[in-house]
Amino acid sequence: MDTRLKNRHKLAVFLIVLLIIIPASVITGEYGKFYSETVKEKEVTGTDYRSSEQFLTLFIDSNYVLFNRGSGQDEAALEKTFSNVWKAFDSIYPYMDYQVMDENKKILQKSISGSTEEMSIEQMEDYELGFIISYDAQGTPQVEVVTDDDNGTQNIVLKRLANNPQIEETHGQEEVSGEELVLETPKNRTFMYGITEDNLLKFMEEGDYIYYYNSDNALPLMSAEIMVLVLIVGAGALLLPQWKSLNTGREKIFQMSFEIPAVLCLFLSSFLAENMHWLVTREGGNSTVLDFWIWTVFFAIIYWLAGSLRWAGEYGFKRYAKERLWTYKLWHGFKRIFPNIKNWSGKQLNRLYHTLDDINLDDKNNRIIFKIVLINFVILVIFCTFGYYGTLGLLIYSAILFYVLRKYFNDLKNKYRLLLNATNEIAEGNLDVQIEGELGVFSPFRTEIEKIQSGFKKAVDQEVKSQKMKTELITNVSHDLKTPLTAIITYVNLLKEEKDEERRKDYVDVLERKSLRLKALIEDLFEISKASSQNVTLDLMSVDIINLFKQVKLELDDKIKEADLDFRMTLPEEKIILTLDSQKTYRIFENLLVNITKYALPHTRVYIEMMTEGQDVVIRMKNISAAELNFNPEEITERFVRGDVSRNTEGSGLGLAIAKSFVELQRGTLKIETEADLYKVEIRFKRIEIQNE
């Protein structure tokens with residue numbers, strides 16, 4: 001470095017030193033002014049404070065404490081229940097003289113800190129503050145302020161507080177004592193309080209209950225000047241390096257980790273904030289060399305902190321964080337080892353979990369184990385009291401305990417083996433296996449295994465039934481689709497070769513009927529498929545089901561007459577309005593009535609009944625079957641299941657399945673029963689609003 005650059009750098013150092021020591025000199029030079037402001041604030045605040053409710057409440061609370069001390073109640077319980085009242089008395093007690101008298105002016109209590117044997121009104125005038133508060137037989141207070149020099153304010157506030165004391169419980173009575181605790185109002189008592197000037201100042205300076213003032217209130221001007229000087233020093237640290245010729249800002253101190261000046265600044269700022277009042281007032285507003293060095297160090301750290309932070313602007317935050325922040329490096333290091341810590345912790349927790357998981361006992365067994373451990377502990381303690389002989393007894397006891405535990409453990413293994421064998425049998429398909437013998441603590445597993453067996457049997461039966469239905473479904477669909485399709489193919493071939501127009505017309509009519517039959521079968525198949533998958537949108541509206549049923553019956557009147565059936569209907573006179581899908585409900589009635597016309601015995605009566613039962617609307621249909629009812633009523637509503645097992649009649653076998661699905665989609669139930677040749681259908685709908693889903 002040449003001479004010119006060295007001189008420039010020395011100039012930079014000189015400017016930095018000035019930038020640090022000048023603010024330190026300004027602050028220490030202002031100590032006298034700050035001290036004067038503090039004294040002035042102290043005088044004003046002290047005068048106001050003597051008349052404040054916060055201060056005068058201490059004497060009202062003292063009345064209750066002094067009176068209730070001899071009330072016969074548990075004083076410790078009272079102190080805990082009304083802790084704020086006792087705390088107030090304890091805070092003012094060391095600084096005041098007091099005297100308590102009864103209605104006959106007999107002294108019952110007095111302080112031992114006073115300089116007089118007894119307190120009188122004449123003597124109380126020598127105190128800085130003096131109060132006399134009297135209570136008559138009804139507990140009505142009368143207040144006299146002997147030394148009120150604040151335009152009567154103390155007297156007014158003290159009277160208001162005495163007549164409206166704020167006495168509250170701070171702890172529940174049940175937590176303190178079994179009996180009800182009451183802080184009684186003083187009666188037939190006179191309380192005299194006096195505080196000297198010295199004691200009042202001590203209380204304001206040293207009292208733990210409240211503080212006379214603090215540095216935030218007394219030194220606002222000093223705090224403002226410090227903030228301005230901090231900003232000036234920080235700005236200097238950012239601006240001086242901008243003059244390249246000064247060759248500053250790149251010193252090693254500014255390349256250190258940012259956390260160092262940050263922590264030092266935080267520590268020293270906290271120290272100054274807590275001790276600002278002490279620094280200013282300890283020498284009566286006069287600064288010392290120590291004060292100058294404290295503030296010099298403070299502003300030097302501020303300059304260091306700002307100079308270090310300047311590099312964040314040059315490098316960019318990401319690069320600066322990587323190179324100058326220990327916390328950033330520690331965080332990335334922690335992130336690298338975190339997966340290993342997480343895996344290790346997870347393994348340990350998993351191991352602990354499985355260790356506890358092996359103890360598979362109910363609460364009763366846990367209580368038994370606890371009792372055993374407790375008894376074992378007592379036995380060990382007894383043995384330990386016998387010294388050498390106790391040690392010998394412990395050896396014998398341990399041998400017996402080992403034998404008992406081994407026997408018990410072997411018994412557990414045998415019972416566990418019984419359980420294991422049973423579960424293996426079930427796993428191999430033997431659902432009728434029985435667990436023989438006692439299981440002890442594993443007895444609850446017997447019931448659970450029986451539940452598992454029952455559940456497996458139901459699942460197997462259901463699966464067998466499902467497989468059977470699938471086979472029948474394929475067979476029935478093939479048969480019902482093949483019949484009209486075969487007829488269509490046959491008549492198409494005949495139509496090709498036939499020349500007679502009359503016969504061709506007959507063939508076309510047959511083709512039309514068979515194709516419509518095939519179309520209806522396919523539509524039914526799609527309908528039941530959608531209903532079974534719940535892929536149906538309901539168009540809900542208010543439906544009069546009596547009129548709807550009459551409409552369906554009227555449209556099927558030709559089929560009813562052809563079947564020669566006599567319908568006997570018992571219908572309510574009033575309307576029955578339900579929230580339903582009218583088209584789906586129409587299809588339900590249509591399928592059920594068509595089913596009756598197909599299978600009912602001709603020349604017989606069909607009974608239709610509609611009624612309300614509580615919140616249900618019930619529709620019942622009964623008829624005599626032409627054929628023997630040898631089917632399972634629970635299976636007749638399955639897909640492609642027909643009462644005509646030989647399948648000689650036309651039908652898809654989907655009518656009842658569709659009807660049942662549409663009923664259940666509308667939150668109803670459809671039940672079929674048979675009794676000899678009597679065929680019965682019952683539909684129930686709830687009389688509630690059904691939300692469209």
# chains A, B, ... in the order shown; residues from 1 in each chain; ligands from 1
$ residues_around --residues "Ser62 in chain A" --least-positions-apart "6" --cutoff "8 Å" --atoms "only C-alpha atoms" --output "short mmCIF file (atom, residue, chain, number, x, y, z; two decimals) with N, CA and C atoms, in the first residue's frame"
data_model
loop_
_atom_site.label_atom_id
_atom_site.label_comp_id
_atom_site.auth_asym_id
_atom_site.auth_seq_id
_atom_site.Cartn_x
_atom_site.Cartn_y
_atom_site.Cartn_z
N VAL A 85 -55.55 -9.10 48.74
CA VAL A 85 -55.73 -8.19 49.88
C VAL A 85 -54.55 -8.28 50.82
N TRP A 86 -54.13 -9.50 51.12
CA TRP A 86 -52.96 -9.68 52.02
C TRP A 86 -51.68 -9.15 51.36
N ALA A 88 -51.47 -6.63 49.32
CA ALA A 88 -51.50 -5.17 49.43
C ALA A 88 -51.04 -4.72 50.82
N PHE A 89 -51.54 -5.40 51.88
CA PHE A 89 -51.16 -5.04 53.25
C PHE A 89 -49.66 -5.27 53.48
#
$ residues_around --residues "Val145 in chain A" --least-positions-apart "2" --cutoff "9 Å" --atoms "only C-alpha atoms" --output "CSV table (one decimal) with N, CA and C atoms, in the first residue's frame"
chain,number,residue,atom,x,y,z
A,129,LEU,N,-48.2,11.6,55.6
A,129,LEU,CA,-49.5,11.2,55.2
A,129,LEU,C,-50.1,10.6,56.5
A,130,GLY,N,-51.4,11.0,56.8
A,130,GLY,CA,-52.1,10.5,58.0
A,130,GLY,C,-53.6,10.3,57.7
A,131,PHE,N,-54.1,9.1,58.0
A,131,PHE,CA,-55.5,8.8,57.8
A,131,PHE,C,-56.1,8.2,59.0
A,132,ILE,N,-57.4,8.5,59.3
A,132,ILE,CA,-58.2,7.8,60.3
A,132,ILE,C,-59.5,7.3,59.7
A,133,ILE,N,-59.7,6.0,59.8
A,133,ILE,CA,-60.9,5.4,59.2
A,133,ILE,C,-61.6,4.7,60.3
A,143,VAL,N,-64.3,8.6,57.2
A,143,VAL,CA,-62.9,8.8,56.8
A,143,VAL,C,-62.5,10.2,57.2
A,147,THR,N,-53.7,14.8,57.1
A,147,THR,CA,-52.6,15.6,56.5
A,147,THR,C,-52.9,15.8,55.0
A,148,ASP,N,-54.1,16.0,54.6
A,148,ASP,CA,-54.5,16.2,53.2
A,148,ASP,C,-54.1,17.6,52.7
A,152,GLY,N,-58.1,18.3,49.1
A,152,GLY,CA,-59.1,17.4,49.5
A,152,GLY,C,-59.3,16.2,48.6
A,154,GLN,N,-57.5,13.4,48.4
A,154,GLN,CA,-57.2,12.2,49.1
A,154,GLN,C,-58.5,11.8,49.9
A,155,ASN,N,-59.1,12.8,50.5
A,155,ASN,CA,-60.3,12.6,51.3
A,155,ASN,C,-61.4,12.0,50.5
A,158,LEU,N,-60.6,8.4,49.2
A,158,LEU,CA,-60.5,7.4,50.3
A,158,LEU,C,-61.9,7.1,50.8
$ atom_distance --atom1 "CA of Asp677 in chain A" --atom2 "CA of Arg605 in chain A"
13.0 Å
$ atom_distance --atom1 "CA of Met541 in chain A" --atom2 "CA of Asp581 in chain A"
6.2 Å
$ atom_distance --atom1 "CA of Leu309 in chain A" --atom2 "CA of Asp291 in chain A"
27.2 Å
$ residues_around --residues "Glu314 in chain A" --least-positions-apart "5" --cutoff "12 Å" --atoms "only C-alpha atoms" --output "PyMOL selection string"
chain A and resi 238+241-242+249-250+307-309+319-320
$ closest_atom_pairs --of "range 92-113 of chain A" --to "range 190-204 of chain A" --cutoff "7 Å" --atoms "only C-alpha atoms" --output "JSON lines"
{"residue": "A:Tyr95", "atom": "CA", "partner": "A:Asn199", "partner_atom": "CA", "distance": 5.2}
{"residue": "A:Met96", "atom": "CA", "partner": "A:Ile195", "partner_atom": "CA", "distance": 4.7}
{"residue": "A:Asp97", "atom": "CA", "partner": "A:Gly194", "partner_atom": "CA", "distance": 5.2}
{"residue": "A:Tyr98", "atom": "CA", "partner": "A:Tyr193", "partner_atom": "CA", "distance": 4.5}
{"residue": "A:Gln99", "atom": "CA", "partner": "A:Met192", "partner_atom": "CA", "distance": 5.1}
{"residue": "A:Val100", "atom": "CA", "partner": "A:Phe191", "partner_atom": "CA", "distance": 4.8}
{"residue": "A:Met101", "atom": "CA", "partner": "A:Thr190", "partner_atom": "CA", "distance": 5.1}
{"residue": "A:Asp102", "atom": "CA", "partner": "A:Thr190", "partner_atom": "CA", "distance": 6.3}
$ write_last_selection --atoms "N, CA and C atoms" --output "PDB file, in the first residue's frame"
ATOM      1  N   TYR A  95     -43.668   0.235  55.888  1.00  0.00           N
ATOM      2  CA  TYR A  95     -43.387   1.658  55.747  1.00  0.00           C
ATOM      3  C   TYR A  95     -44.340   2.547  56.561  1.00  0.00           C
ATOM      4  N   MET A  96     -45.285   1.969  57.287  1.00  0.00           N
ATOM      5  CA  MET A  96     -46.282   2.801  57.987  1.00  0.00           C
ATOM      6  C   MET A  96     -46.385   2.420  59.450  1.00  0.00           C
ATOM      7  N   ASP A  97     -46.866   3.392  60.271  1.00  0.00           N
ATOM      8  CA  ASP A  97     -47.283   3.140  61.646  1.00  0.00           C
ATOM      9  C   ASP A  97     -48.805   3.030  61.641  1.00  0.00           C
ATOM     10  N   TYR A  98     -49.354   2.100  62.415  1.00  0.00           N
ATOM     11  CA  TYR A  98     -50.812   1.971  62.470  1.00  0.00           C
ATOM     12  C   TYR A  98     -51.238   1.634  63.891  1.00  0.00           C
ATOM     13  N   GLN A  99     -52.515   1.880  64.154  1.00  0.00           N
ATOM     14  CA  GLN A  99     -53.091   1.588  65.455  1.00  0.00           C
ATOM     15  C   GLN A  99     -54.572   1.250  65.256  1.00  0.00           C
ATOM     16  N   VAL A 100     -55.055   0.163  65.914  1.00  0.00           N
ATOM     17  CA  VAL A 100     -56.445  -0.292  65.790  1.00  0.00           C
ATOM     18  C   VAL A 100     -57.096  -0.192  67.175  1.00  0.00           C
ATOM     19  N   MET A 101     -58.269   0.479  67.246  1.00  0.00           N
ATOM     20  CA  MET A 101     -58.984   0.649  68.516  1.00  0.00           C
ATOM     21  C   MET A 101     -60.426   0.179  68.349  1.00  0.00           C
ATOM     22  N   ASP A 102     -61.029  -0.267  69.484  1.00  0.00           N
ATOM     23  CA  ASP A 102     -62.434  -0.665  69.451  1.00  0.00           C
ATOM     24  C   ASP A 102     -63.311   0.541  69.749  1.00  0.00           C
TER      25      ASP A 102
END
